[in-house]
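Structure file start.tsv (TSV, C-alpha atoms and all ligand atoms) is printed below.
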chain	number	residue	atom	x	y	z
A	433	MET	CA	16.98	-14.63	-18.91
A	434	ALA	CA	13.25	-14.02	-18.60
A	435	GLU	CA	11.36	-11.64	-20.89
A	436	PRO	CA	11.20	-8.11	-19.43
A	437	ILE	CA	8.09	-7.18	-17.46
A	438	ARG	CA	6.45	-3.79	-17.77
A	439	VAL	CA	6.08	-1.89	-14.50
A	440	LEU	CA	4.32	1.47	-14.18
A	441	VAL	CA	4.98	3.98	-11.40
A	442	THR	CA	2.70	7.02	-11.36
A	443	GLY	CA	3.66	10.19	-9.52
A	444	ALA	CA	7.09	9.29	-10.84
A	445	ALA	CA	8.48	12.81	-10.43
A	446	GLY	CA	7.52	12.86	-6.74
A	447	GLN	CA	9.45	12.10	-3.60
A	448	ILE	CA	8.25	8.54	-2.92
A	449	ALA	CA	9.07	7.56	-6.49
A	450	TYR	CA	12.55	9.02	-6.11
A	451	SER	CA	13.24	6.50	-3.32
A	452	LEU	CA	11.31	3.69	-4.99
A	453	LEU	CA	12.54	3.55	-8.56
A	454	TYR	CA	16.11	2.57	-7.75
A	455	SER	CA	15.00	-0.39	-5.63
A	456	ILE	CA	12.65	-1.65	-8.35
A	457	ALA	CA	15.21	-1.17	-11.10
A	458	LYS	CA	17.93	-3.06	-9.26
A	459	GLY	CA	15.80	-6.14	-8.68
A	460	ASP	CA	14.68	-5.80	-5.06
A	461	VAL	CA	11.02	-6.30	-5.90
A	462	PHE	CA	10.60	-8.57	-8.92
A	463	GLY	CA	13.79	-10.58	-8.49
A	464	LYS	CA	17.44	-10.38	-9.37
A	465	ASP	CA	17.00	-12.11	-12.73
A	466	GLN	CA	13.86	-10.32	-13.93
A	467	PRO	CA	14.55	-7.64	-16.55
A	468	ILE	CA	12.28	-4.60	-16.27
A	469	ILE	CA	10.84	-1.89	-18.47
A	470	LEU	CA	9.96	1.02	-16.19
A	471	VAL	CA	7.15	3.30	-17.27
A	472	LEU	CA	7.05	6.65	-15.46
A	473	LEU	CA	3.79	8.60	-15.52
A	474	ASP	CA	3.31	12.10	-14.17
A	475	ILE	CA	1.35	15.19	-15.14
A	476	THR	CA	2.51	17.37	-18.03
A	477	PRO	CA	4.16	20.17	-15.99
A	478	MET	CA	6.38	17.54	-14.34
A	479	LEU	CA	7.80	16.14	-17.60
A	480	PRO	CA	11.07	18.13	-17.32
A	481	VAL	CA	11.57	16.68	-13.81
A	482	LEU	CA	10.84	13.18	-15.15
A	483	ASP	CA	13.62	13.70	-17.70
A	484	GLY	CA	16.01	14.19	-14.80
A	485	VAL	CA	14.79	11.01	-13.12
A	486	VAL	CA	15.27	9.11	-16.39
A	487	MET	CA	18.84	10.42	-16.68
A	488	GLU	CA	19.61	9.31	-13.14
A	489	LEU	CA	18.18	5.84	-13.72
A	490	GLN	CA	20.33	5.54	-16.86
A	491	ASP	CA	23.35	6.73	-14.88
A	492	CYS	CA	22.83	3.95	-12.32
A	493	ALA	CA	23.90	1.52	-15.09
A	494	LEU	CA	21.59	-1.21	-13.77
A	495	PRO	CA	21.74	-4.46	-15.75
A	496	LEU	CA	18.07	-5.40	-15.27
A	497	LEU	CA	16.73	-2.08	-16.51
A	498	ARG	CA	15.93	-2.57	-20.20
A	499	ASP	CA	14.09	0.67	-20.88
A	500	VAL	CA	12.67	3.71	-19.12
A	501	ILE	CA	9.63	5.39	-20.64
A	502	PRO	CA	8.58	8.79	-19.25
A	503	THR	CA	5.10	9.94	-20.23
A	504	ASP	CA	2.11	12.11	-19.36
A	505	LYS	CA	-0.28	9.99	-21.46
A	506	VAL	CA	-2.35	7.16	-19.98
A	507	GLU	CA	-2.45	5.26	-23.29
A	508	VAL	CA	1.34	5.02	-23.16
A	509	GLY	CA	1.58	4.63	-19.39
A	510	PHE	CA	-0.89	1.78	-18.96
A	511	LYS	CA	-0.06	-0.25	-22.08
A	512	ASP	CA	0.57	-4.00	-21.57
A	513	LEU	CA	1.39	-3.63	-17.88
A	514	ASP	CA	2.41	-6.51	-15.64
A	515	ALA	CA	2.39	-4.31	-12.53
A	516	ALA	CA	1.11	-0.83	-11.73
A	517	ILE	CA	2.14	1.15	-8.66
A	518	LEU	CA	-0.18	4.13	-8.44
A	519	VAL	CA	1.57	6.69	-6.25
A	520	GLY	CA	0.50	9.98	-7.85
A	521	SER	CA	-2.59	11.64	-6.46
A	522	MET	CA	-4.00	15.06	-5.72
A	523	PRO	CA	-2.46	16.40	-2.49
A	524	ARG	CA	-4.59	18.32	-0.02
A	525	LYS	CA	-4.08	22.04	-0.58
A	526	GLU	CA	-4.61	24.66	2.06
A	527	GLY	CA	-8.27	25.33	2.73
A	528	MET	CA	-9.35	22.31	0.67
A	529	GLU	CA	-12.34	20.39	2.04
A	530	ARG	CA	-12.04	16.63	2.47
A	531	LYS	CA	-14.89	16.21	0.01
A	532	ASP	CA	-13.15	18.29	-2.68
A	533	LEU	CA	-9.97	16.29	-2.22
A	534	LEU	CA	-11.93	13.08	-2.60
A	535	LYS	CA	-13.63	14.41	-5.72
A	536	ALA	CA	-10.31	15.30	-7.35
A	537	ASN	CA	-8.92	11.87	-6.55
A	538	VAL	CA	-11.99	10.02	-7.77
A	539	ALA	CA	-11.46	11.75	-11.12
A	540	ILE	CA	-7.79	10.64	-11.24
A	541	PHE	CA	-8.41	7.03	-10.18
A	542	LYS	CA	-11.44	6.65	-12.42
A	543	THR	CA	-9.34	7.72	-15.41
A	544	GLN	CA	-6.50	5.41	-14.39
A	545	GLY	CA	-8.88	2.48	-13.74
A	546	GLU	CA	-10.40	2.98	-17.19
A	547	ALA	CA	-6.89	3.06	-18.66
A	548	LEU	CA	-6.04	-0.22	-16.89
A	549	GLU	CA	-9.23	-1.72	-18.33
A	550	LYS	CA	-8.37	-0.56	-21.82
A	551	TYR	CA	-4.61	-0.98	-22.10
A	552	ALA	CA	-3.12	-3.21	-19.36
A	553	GLN	CA	-2.83	-7.00	-19.29
A	554	LYS	CA	-5.75	-8.62	-17.45
A	555	THR	CA	-3.25	-10.24	-15.09
A	556	VAL	CA	-1.85	-6.84	-14.02
A	557	LYS	CA	-1.22	-6.43	-10.27
A	558	VAL	CA	-2.24	-2.97	-9.13
A	559	LEU	CA	-0.99	-1.37	-5.91
A	560	VAL	CA	-2.54	1.96	-4.92
A	561	VAL	CA	-0.47	4.23	-2.67
A	562	GLY	CA	-1.82	7.72	-3.37
A	563	ASN	CA	-4.19	8.88	-0.63
A	564	PRO	CA	-6.94	8.25	0.28
A	565	ALA	CA	-5.39	4.94	-0.78
A	566	ASN	CA	-8.24	2.55	0.12
A	567	THR	CA	-10.96	4.50	-1.61
A	568	ASN	CA	-8.77	5.42	-4.59
A	569	CYS	CA	-8.07	1.72	-5.00
A	570	LEU	CA	-11.78	0.86	-4.87
A	571	ILE	CA	-12.56	3.47	-7.51
A	572	ALA	CA	-9.75	2.24	-9.79
A	573	SER	CA	-11.00	-1.31	-9.46
A	574	LYS	CA	-14.64	-0.35	-10.12
A	575	SER	CA	-13.46	1.45	-13.26
A	576	ALA	CA	-11.68	-1.67	-14.54
A	577	PRO	CA	-14.45	-4.29	-14.37
A	578	SER	CA	-12.68	-6.88	-16.56
A	579	ILE	CA	-9.64	-7.03	-14.25
A	580	PRO	CA	-10.29	-9.28	-11.23
A	581	LYS	CA	-10.91	-7.33	-7.99
A	582	GLU	CA	-8.28	-9.58	-6.37
A	583	ASN	CA	-5.60	-7.95	-8.56
A	584	PHE	CA	-6.06	-4.65	-6.71
A	585	SER	CA	-4.62	-3.81	-3.31
A	586	CYS	CA	-3.67	-0.68	-1.41
A	587	LEU	CA	-0.74	0.10	0.83
A	588	THR	CA	-1.03	-0.39	4.58
A	589	ARG	CA	2.35	-2.09	4.76
A	590	LEU	CA	3.96	1.10	6.00
A	591	ASP	CA	1.59	1.06	8.99
A	592	HIS	CA	2.31	-2.66	9.42
A	593	ASN	CA	6.07	-2.00	9.43
A	594	ARG	CA	5.63	0.88	11.87
A	595	ALA	CA	3.70	-1.39	14.26
A	596	ARG	CA	6.29	-4.13	13.95
A	597	SER	CA	9.12	-1.74	14.63
A	598	GLN	CA	7.41	-0.07	17.62
A	599	VAL	CA	6.96	-3.46	19.32
A	600	ALA	CA	10.52	-4.53	18.46
A	601	MET	CA	11.98	-1.33	19.94
A	602	ARG	CA	9.87	-1.67	23.06
A	603	VAL	CA	11.01	-5.26	23.65
A	604	GLY	CA	14.59	-4.57	22.58
A	605	VAL	CA	14.82	-7.01	19.66
A	606	SER	CA	15.32	-6.44	15.94
A	607	SER	CA	12.17	-6.06	13.86
A	608	ASP	CA	12.54	-9.47	12.18
A	609	ASN	CA	11.86	-10.99	15.61
A	610	VAL	CA	8.32	-9.59	15.56
A	611	LYS	CA	5.76	-11.14	13.23
A	612	ASN	CA	2.04	-11.22	12.54
A	613	VAL	CA	1.02	-7.74	13.61
A	614	ILE	CA	-2.17	-6.64	11.85
A	615	ILE	CA	-3.41	-3.34	10.48
A	616	TRP	CA	-7.19	-3.42	10.14
A	617	GLY	CA	-9.14	-0.98	8.00
A	618	ASN	CA	-8.31	2.36	6.49
A	619	HIS	CA	-4.87	3.88	5.89
A	620	SER	CA	-5.89	6.85	8.01
A	621	SER	CA	-5.86	7.74	11.67
A	622	THR	CA	-8.83	5.37	12.27
A	623	GLN	CA	-6.73	2.34	11.31
A	624	TYR	CA	-6.44	-0.29	14.03
A	625	PRO	CA	-2.94	-1.64	14.67
A	626	ASP	CA	-3.56	-4.95	16.47
A	627	VAL	CA	-0.96	-7.14	18.18
A	628	HIS	CA	-3.31	-9.66	19.82
A	629	HIS	CA	-2.01	-12.36	17.47
A	630	ALA	CA	1.55	-11.11	17.08
A	631	ILE	CA	4.52	-13.20	18.14
A	632	VAL	CA	7.86	-11.96	19.44
A	633	ASN	CA	10.98	-14.07	19.31
A	634	HIS	CA	12.68	-13.04	22.53
A	635	HIS	CA	16.15	-14.57	22.81
A	636	GLY	CA	15.05	-17.74	21.02
A	637	LYS	CA	11.70	-18.07	22.81
A	638	GLU	CA	8.42	-17.37	21.00
A	639	LEU	CA	6.12	-15.22	23.12
A	640	ALA	CA	2.77	-13.58	22.53
A	641	ALA	CA	3.40	-9.86	21.96
A	642	PHE	CA	1.31	-8.96	25.02
A	643	ASP	CA	3.59	-11.15	27.20
A	644	ALA	CA	6.83	-9.96	25.60
A	645	VAL	CA	5.89	-6.29	25.95
A	646	ASN	CA	4.30	-6.82	29.37
A	647	ASP	CA	2.58	-3.44	29.37
A	648	GLU	CA	-1.06	-3.74	28.37
A	649	SER	CA	-1.86	-0.08	28.86
A	650	TRP	CA	0.90	0.90	26.41
A	651	LEU	CA	-0.25	-1.66	23.85
A	652	LYS	CA	-3.86	-0.49	24.11
A	653	GLY	CA	-2.97	3.20	24.29
A	654	ASP	CA	0.20	4.95	23.13
A	655	PHE	CA	1.27	2.12	20.83
A	656	ILE	CA	-1.94	2.42	18.82
A	657	SER	CA	-1.95	6.21	18.67
A	658	THR	CA	1.76	6.34	17.77
A	659	VAL	CA	1.19	4.10	14.75
A	660	GLN	CA	-2.03	5.91	13.79
A	661	GLN	CA	-0.35	9.32	14.00
A	662	ARG	CA	3.09	8.39	12.69
A	663	GLY	CA	2.54	9.88	9.24
A	664	ALA	CA	1.58	13.23	10.79
A	665	ALA	CA	4.59	13.08	13.13
A	666	VAL	CA	6.95	12.58	10.19
A	667	ILE	CA	5.38	15.50	8.32
A	668	LYS	CA	5.72	17.71	11.40
A	669	ALA	CA	9.39	16.83	11.78
A	670	ARG	CA	10.48	16.66	8.14
A	671	LYS	CA	8.03	19.17	6.64
A	672	LEU	CA	7.50	16.47	4.03
A	673	SER	CA	5.54	13.23	4.20
A	674	SER	CA	7.12	9.80	4.64
A	675	ALA	CA	8.98	8.83	1.51
A	676	MET	CA	11.90	6.50	2.27
A	677	SER	CA	9.76	4.33	4.55
A	678	ALA	CA	6.83	4.47	2.14
A	679	ALA	CA	9.06	3.33	-0.73
A	680	LYS	CA	10.43	0.47	1.41
A	681	ALA	CA	6.88	-0.60	2.29
A	682	ILE	CA	5.83	-0.52	-1.37
A	683	CYS	CA	8.76	-2.82	-2.18
A	684	ASP	CA	7.81	-5.19	0.66
A	685	HIS	CA	4.17	-5.26	-0.47
A	686	MET	CA	4.83	-5.88	-4.17
A	687	ARG	CA	7.63	-8.39	-3.52
A	688	ASP	CA	5.24	-10.40	-1.34
A	689	ILE	CA	2.62	-10.36	-4.08
A	690	TRP	CA	5.21	-11.59	-6.58
A	691	PHE	CA	6.95	-14.21	-4.44
A	692	GLY	CA	4.49	-14.97	-1.61
A	693	THR	CA	4.62	-14.54	2.15
A	694	PRO	CA	6.97	-16.71	4.26
A	695	ASP	CA	5.49	-19.84	5.88
A	696	GLY	CA	3.65	-19.04	9.11
A	697	GLU	CA	3.60	-15.31	8.48
A	698	TRP	CA	1.01	-12.87	7.28
A	699	VAL	CA	1.19	-9.25	6.19
A	700	SER	CA	-1.37	-6.44	6.11
A	701	MET	CA	-2.79	-5.04	2.90
A	702	GLY	CA	-5.93	-3.28	1.81
A	703	VAL	CA	-7.95	-5.76	-0.26
A	704	TYR	CA	-11.50	-6.23	-1.47
A	705	SER	CA	-13.69	-6.98	1.54
A	706	SER	CA	-16.63	-8.83	-0.06
A	707	GLY	CA	-17.04	-12.31	1.42
A	708	ASN	CA	-14.74	-11.74	4.41
A	709	SER	CA	-15.33	-13.67	7.62
A	710	TYR	CA	-14.80	-10.75	10.04
A	711	GLY	CA	-18.12	-8.97	9.59
A	712	VAL	CA	-16.51	-6.09	7.69
A	713	PRO	CA	-19.02	-4.60	5.22
A	714	ASP	CA	-18.75	-5.77	1.61
A	715	ASP	CA	-17.42	-3.68	-1.26
A	716	LEU	CA	-14.62	-1.86	0.54
A	717	MET	CA	-10.85	-1.95	0.22
A	718	TYR	CA	-10.15	-2.82	3.85
A	719	SER	CA	-6.80	-3.78	5.35
A	720	PHE	CA	-6.73	-7.40	6.56
A	721	PRO	CA	-4.07	-9.92	7.51
A	722	VAL	CA	-3.32	-11.86	4.32
A	723	LYS	CA	-1.15	-14.73	3.20
A	724	ILE	CA	-0.02	-14.84	-0.41
A	725	LYS	CA	0.78	-17.81	-2.63
A	726	ASN	CA	1.05	-18.00	-6.43
A	727	LYS	CA	0.48	-14.23	-6.64
A	728	THR	CA	-2.92	-14.65	-4.94
A	729	TRP	CA	-3.80	-13.32	-1.48
A	730	LYS	CA	-6.12	-14.93	1.00
A	731	VAL	CA	-7.42	-13.27	4.16
A	732	VAL	CA	-6.26	-15.15	7.27
A	733	ASP	CA	-9.52	-16.44	8.76
A	734	GLY	CA	-10.44	-17.59	12.23
A	735	LEU	CA	-8.52	-15.11	14.39
A	736	SER	CA	-10.38	-14.38	17.60
A	737	ILE	CA	-11.60	-10.81	17.93
A	738	ASN	CA	-12.34	-9.39	21.39
A	739	ASP	CA	-14.68	-6.47	22.15
A	740	PHE	CA	-11.80	-3.96	22.21
A	741	SER	CA	-10.72	-4.98	18.71
A	742	ARG	CA	-14.28	-5.22	17.40
A	743	ALA	CA	-15.04	-1.62	18.27
A	744	LYS	CA	-11.90	-0.36	16.56
A	745	MET	CA	-12.44	-2.52	13.46
A	746	ASP	CA	-16.00	-1.19	13.20
A	747	ALA	CA	-14.93	2.45	13.60
A	748	THR	CA	-12.48	2.24	10.71
A	749	SER	CA	-14.98	0.39	8.49
A	750	ALA	CA	-17.59	3.09	9.21
A	751	GLU	CA	-15.12	5.69	7.92
A	752	LEU	CA	-14.46	3.63	4.79
A	753	VAL	CA	-18.18	3.16	4.10
A	754	GLU	CA	-18.71	6.90	4.32
A	755	GLU	CA	-15.71	7.62	2.10
A	756	ARG	CA	-16.89	5.07	-0.47
A	757	ASP	CA	-20.45	6.36	-0.50
A	758	THR	CA	-19.25	9.91	-1.07
A	759	ALA	CA	-16.75	8.82	-3.72
A	760	VAL	CA	-19.32	6.80	-5.63
A	761	THR	CA	-21.55	9.86	-5.99
A	762	PHE	CA	-18.67	11.51	-7.87
A	763	LEU	CA	-18.22	8.55	-10.23
A	764	GLY	CA	-21.06	9.53	-12.50
A	765	ALA	CA	-20.03	13.21	-12.48
B	801	LIG	N1	-0.52	4.51	1.62
B	801	LIG	C1	0.55	4.94	2.26
B	801	LIG	O1	1.03	4.28	3.19
B	801	LIG	C2	1.21	6.25	1.91
B	801	LIG	C3	2.40	6.61	2.55
B	801	LIG	C4	3.01	7.82	2.20
B	801	LIG	C5	2.43	8.63	1.23
B	801	LIG	N2	1.28	8.25	0.63
B	801	LIG	C6	0.67	9.07	-0.43
B	801	LIG	O2	1.41	8.89	-1.62
B	801	LIG	C7	1.19	10.00	-2.49
B	801	LIG	C8	2.49	10.50	-3.08
B	801	LIG	O3	3.33	10.98	-2.08
B	801	LIG	P1	4.68	11.78	-2.45
B	801	LIG	O4	5.30	12.15	-1.17
B	801	LIG	O5	5.48	11.05	-3.47
B	801	LIG	O6	4.04	13.08	-3.12
B	801	LIG	P2	4.71	14.12	-4.13
B	801	LIG	O7	3.84	15.32	-4.10
B	801	LIG	O8	6.17	14.27	-3.87
B	801	LIG	O9	4.56	13.40	-5.54
B	801	LIG	C9	3.34	13.13	-6.12
B	801	LIG	C10	3.51	13.15	-7.62
B	801	LIG	O10	2.29	12.72	-8.20
B	801	LIG	C11	2.09	13.48	-9.35
B	801	LIG	N3	0.70	13.41	-9.79
B	801	LIG	C12	-0.37	14.14	-9.36
B	801	LIG	N4	-1.46	13.82	-10.07
B	801	LIG	C13	-1.09	12.85	-10.93
B	801	LIG	C14	-1.78	12.13	-11.94
B	801	LIG	N5	-3.08	12.33	-12.18
B	801	LIG	N6	-1.09	11.22	-12.66
B	801	LIG	C15	0.22	11.02	-12.43
B	801	LIG	N7	0.92	11.69	-11.53
B	801	LIG	C16	0.28	12.59	-10.77
B	801	LIG	C17	2.56	14.87	-8.95
B	801	LIG	O11	2.81	15.68	-10.09
B	801	LIG	C18	3.82	14.54	-8.17
B	801	LIG	O12	4.97	14.47	-9.01
B	801	LIG	C19	0.42	11.02	-1.63
B	801	LIG	O13	-0.95	10.89	-1.91
B	801	LIG	C20	0.69	10.55	-0.21
B	801	LIG	O14	-0.33	10.97	0.66
B	801	LIG	C21	0.67	7.07	0.94

Would you mind writing the file's structure down as structure tokens?
Amino acid sequence: MAEPIRVLVTGAAGQIAYSLLYSIAKGDVFGKDQPIILVLLDITPMLPVLDGVVMELQDCALPLLRDVIPTDKVEVGFKDLDAAILVGSMPRKEGMERKDLLKANVAIFKTQGEALEKYAQKTVKVLVVGNPANTNCLIASKSAPSIPKENFSCLTRLDHNRARSQVAMRVGVSSDNVKNVIIWGNHSSTQYPDVHHAIVNHHGKELAAFDAVNDESWLKGDFISTVQQRGAAVIKARKLSSAMSAAKAICDHMRDIWFGTPDGEWVSMGVYSSGNSYGVPDDLMYSFPVKIKNKTWKVVDGLSINDFSRAKMDATSAELVEERDTAVTFLGA
């Protein structure tokens, strides 16, 4: 058996973590023969809740789970990490301005980036989930200059899965028959879910998504807004934000980093934009189509972009530029 790897989940007393930890601990993400030490970080008032989560993980009697370490201290939480899944962040409270929310999160992700720099392995793979995920991820990465920027990514896989599933339901096939959807940009309502290059396997025949769906106005209208607004729709219905589907997407994302993407398929993730071939401004964490091999992602180049897509890709990058520029002013504070 391999040596155990050390995996951190922050926000570990929260609702996404409650769905996520079991899947990680039973081998769904890092493999069925990879022992794991789970490190659970949350803020001090949540430590009693974390104790309950630890008890439940112990009670699952999972053979791969070698140790569970609950903590409220970054020097314990970030020590020697192989993987870090940063879920915890400051939620928007009533009456809170966007700018104040950003400021609070910059403080959290600066501290956690500095802790990665100081305590984690330099090979650590960092996935940021806590919102605003793209900008939080950028701040964490800027605060950990000795860890390669390529080791950081943020979650847009939930949006990707939503897009895949919407197309599959519309065509009447299972979601595994839809591949190569793309989420461009920010994990926010400006994101651009794009199916111009997606393929649907319809009863054994591979069709372009536009042909399989055969309803251009839906694909350019309600489809896009449904995916963009899905998080808000779940909150409205459940009175809580997406957790089960977010946890599933986190597992998909991290498993693909660890084991690679299947041949001929790409996935969407927020990655460092510098040097991209799509005219997206440098120095953002922007969601692109990526293929992954040997734990290294590469943006899929050469996809044709029409005027409709261009405008939407530019709108979401403009939002990210503004978010970054505001966030960076808080970095020195
Ligand atoms: N990127 C995505 O696709 C996506 C999808 C769903 C949710 N989210 C985001 O994920 C985050 C978590 O969602 P949730 O439903 O689990 O929220 P939650 O409120 O149930 O849990 C968040 C936990 O984070 C903890 N926390 C806050 N500050 C922390 C810090 N500095 N260090 C460690 N822990 C800290 C809180 O105490 C809480 O236990 C939110 O920001 C949410 O918006 C992102």

8 Å per side around range 486-498 of chain A: axis-aligned box centre and edge lengths, as lines of an AutoDock Vina configuration file:
center_x = 19.6
center_y = 2.5
center_z = -16.3
size_x = 24.6
size_y = 31.8
size_z = 23.9

Quiz prompt | Test item: residues at most 6 Å from range 701-706 of chain A, all atoms listed in the file, excluding those fewer than 3 positions along its chain, as a VMD selection string | solution = chain A and resid 585 to 588 714 to 720

Would you output that residue set with C-alpha atoms, as a tab-separated table (two decimals), keeping the file's coordinate frame?
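The result, stored in out.tsv:
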chain	number	residue	atom	x	y	z
A	585	SER	CA	-4.62	-3.81	-3.31
A	586	CYS	CA	-3.67	-0.68	-1.41
A	587	LEU	CA	-0.74	0.10	0.83
A	588	THR	CA	-1.03	-0.39	4.58
A	714	ASP	CA	-18.75	-5.77	1.61
A	715	ASP	CA	-17.42	-3.68	-1.26
A	716	LEU	CA	-14.62	-1.86	0.54
A	717	MET	CA	-10.85	-1.95	0.22
A	718	TYR	CA	-10.15	-2.82	3.85
A	719	SER	CA	-6.80	-3.78	5.35
A	720	PHE	CA	-6.73	-7.40	6.56

Taking a cut-off of 7 Å and counting all atoms listed in the file, can you build a table that, for each residue of chain A near ligand LIG 801 (chain B), reports the nearest atom pair and how far apart they are in Å (one decimal), sorted by chain then residue number, as CSV?
residue,atom,partner,partner_atom,distance
A:Thr442,CA,B:LIG801,C15,4.8
A:Gly443,CA,B:LIG801,O10,3.2
A:Ala444,CA,B:LIG801,O12,5.9
A:Ala445,CA,B:LIG801,O12,4.1
A:Gly446,CA,B:LIG801,O9,3.2
A:Gln447,CA,B:LIG801,O8,3.9
A:Ile448,CA,B:LIG801,O5,3.8
A:Ala449,CA,B:LIG801,O5,5.8
A:Leu473,CA,B:LIG801,C15,5.3
A:Asp474,CA,B:LIG801,N7,3.6
A:Ile475,CA,B:LIG801,N7,5.0
A:Met478,CA,B:LIG801,O11,5.9
A:Val519,CA,B:LIG801,C7,5.0
A:Gly520,CA,B:LIG801,O10,3.3
A:Ser521,CA,B:LIG801,N4,4.4
A:Met522,CA,B:LIG801,N4,5.2
A:Pro523,CA,B:LIG801,O13,5.7
A:Ile540,CA,B:LIG801,N5,5.1
A:Val561,CA,B:LIG801,N1,4.3
A:Gly562,CA,B:LIG801,O13,3.6
A:Asn563,CA,B:LIG801,O13,4.0
A:Pro564,CA,B:LIG801,O13,6.9
A:Ala565,CA,B:LIG801,N1,5.4
A:Cys586,CA,B:LIG801,N1,6.8
A:Leu587,CA,B:LIG801,N1,4.5
A:Thr588,CA,B:LIG801,O1,5.3
A:Arg589,CA,B:LIG801,O1,6.7
A:Leu590,CA,B:LIG801,O1,5.2
A:Asp591,CA,B:LIG801,O1,6.7
A:His619,CA,B:LIG801,N1,6.1
A:Ser673,CA,B:LIG801,O4,5.5
A:Ser674,CA,B:LIG801,C4,5.2
A:Ala675,CA,B:LIG801,O4,5.6
A:Ala678,CA,B:LIG801,C3,4.9

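Separating CA of Val599 in chain A from CA of Phe462 in chain A is a distance of 28.9 Å.
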
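Taking CA of Ala552 in chain A and CA of Tyr450 in chain A as the two end points, the separation is 23.9 Å.
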
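Across the structure, CA of Ser575 in chain A and CA of Ala759 in chain A are spaced 12.5 Å apart.
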
Quiz prompt | Non-local contacts of Met487 in chain A (12 Å; all atoms listed in the file; under 4 positions in same chain excluded) as an NGL selection string | solution = :A and (480-483 or 491-493 or 499-502)

Exercise. Would you list the residues near (4.3, -8.8, -9.1) (no more than 8 Å away, in the coordinates of the file, using all atoms listed in the file) as a PyMOL selection string?
Key: chain A and resi 461-462+514-515+557+686-691+727

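Of the residues listed (A:Asn708, A:Thr658, A:Gly653, A:Asp695), A:Gly653 shows the shortest atom-to-atom separation from Phe740 in chain A; distances use all atoms listed in the file.
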
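Using only C-alpha atoms, the nearest neighbour of Phe541 in chain A within the list A:Val485, A:Ser736, A:Asn609, A:Phe762 is A:Phe762.
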
Could the residues of range 650-720 of chain A that have an atom at most 12 Å from range 640-644 of chain A be listed as CSV, each with its closest atom pair and the distance in Å to one decimal, counting all atoms listed in the file and ordered by chain and ascending residue number?
residue,atom,partner,partner_atom,distance
A:Trp650,CA,A:Phe642,CA,10.0
A:Leu651,CA,A:Phe642,CA,7.6
A:Lys652,CA,A:Phe642,CA,10.0
A:Phe655,CA,A:Phe642,CA,11.8

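Nearest residue to Gly734 in chain A, choosing from A:Val560, A:Gly663, A:Cys683, A:His629 and counting only C-alpha atoms: A:His629.
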
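If you measure from each of A:Ser606, A:Ser677, A:Asn612, A:Ser749 to Val722 in chain A using only C-alpha atoms, the closest one turns out to be A:Asn612.
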
Write range 726-734 of chain A as a PDB file, in the frame of the given file, completed to N, CA, C and O atoms.
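Dumped to out11.pdb:
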ATOM      1  N   ASN A 726       1.320 -18.045  -4.987  1.00  0.00           N
ATOM      2  CA  ASN A 726       1.050 -18.000  -6.430  1.00  0.00           C
ATOM      3  C   ASN A 726       0.417 -16.666  -6.833  1.00  0.00           C
ATOM      4  O   ASN A 726      -0.570 -16.640  -7.571  1.00  0.00           O
ATOM      5  N   LYS A 727       0.938 -15.587  -6.313  1.00  0.00           N
ATOM      6  CA  LYS A 727       0.480 -14.230  -6.640  1.00  0.00           C
ATOM      7  C   LYS A 727      -0.982 -13.987  -6.255  1.00  0.00           C
ATOM      8  O   LYS A 727      -1.643 -13.087  -6.785  1.00  0.00           O
ATOM      9  N   THR A 728      -1.526 -14.805  -5.344  1.00  0.00           N
ATOM     10  CA  THR A 728      -2.920 -14.650  -4.940  1.00  0.00           C
ATOM     11  C   THR A 728      -2.999 -14.529  -3.421  1.00  0.00           C
ATOM     12  O   THR A 728      -2.460 -15.373  -2.708  1.00  0.00           O
ATOM     13  N   TRP A 729      -3.694 -13.502  -2.934  1.00  0.00           N
ATOM     14  CA  TRP A 729      -3.800 -13.320  -1.480  1.00  0.00           C
ATOM     15  C   TRP A 729      -5.044 -14.026  -0.956  1.00  0.00           C
ATOM     16  O   TRP A 729      -6.034 -14.215  -1.683  1.00  0.00           O
ATOM     17  N   LYS A 730      -4.973 -14.352   0.313  1.00  0.00           N
ATOM     18  CA  LYS A 730      -6.120 -14.930   1.000  1.00  0.00           C
ATOM     19  C   LYS A 730      -6.152 -14.322   2.392  1.00  0.00           C
ATOM     20  O   LYS A 730      -5.114 -14.284   3.069  1.00  0.00           O
ATOM     21  N   VAL A 731      -7.310 -13.817   2.802  1.00  0.00           N
ATOM     22  CA  VAL A 731      -7.420 -13.270   4.160  1.00  0.00           C
ATOM     23  C   VAL A 731      -7.241 -14.416   5.158  1.00  0.00           C
ATOM     24  O   VAL A 731      -7.769 -15.506   4.958  1.00  0.00           O
ATOM     25  N   VAL A 732      -6.451 -14.156   6.211  1.00  0.00           N
ATOM     26  CA  VAL A 732      -6.260 -15.150   7.270  1.00  0.00           C
ATOM     27  C   VAL A 732      -7.554 -15.184   8.097  1.00  0.00           C
ATOM     28  O   VAL A 732      -7.913 -14.185   8.726  1.00  0.00           O
ATOM     29  N   ASP A 733      -8.239 -16.323   8.051  1.00  0.00           N
ATOM     30  CA  ASP A 733      -9.520 -16.440   8.760  1.00  0.00           C
ATOM     31  C   ASP A 733      -9.332 -17.008  10.155  1.00  0.00           C
ATOM     32  O   ASP A 733      -8.295 -17.593  10.461  1.00  0.00           O
ATOM     33  N   GLY A 734     -10.360 -16.851  10.974  1.00  0.00           N
ATOM     34  CA  GLY A 734     -10.440 -17.590  12.230  1.00  0.00           C
ATOM     35  C   GLY A 734      -9.699 -16.960  13.399  1.00  0.00           C
ATOM     36  O   GLY A 734      -9.603 -17.575  14.454  1.00  0.00           O
TER      37      GLY A 734
END
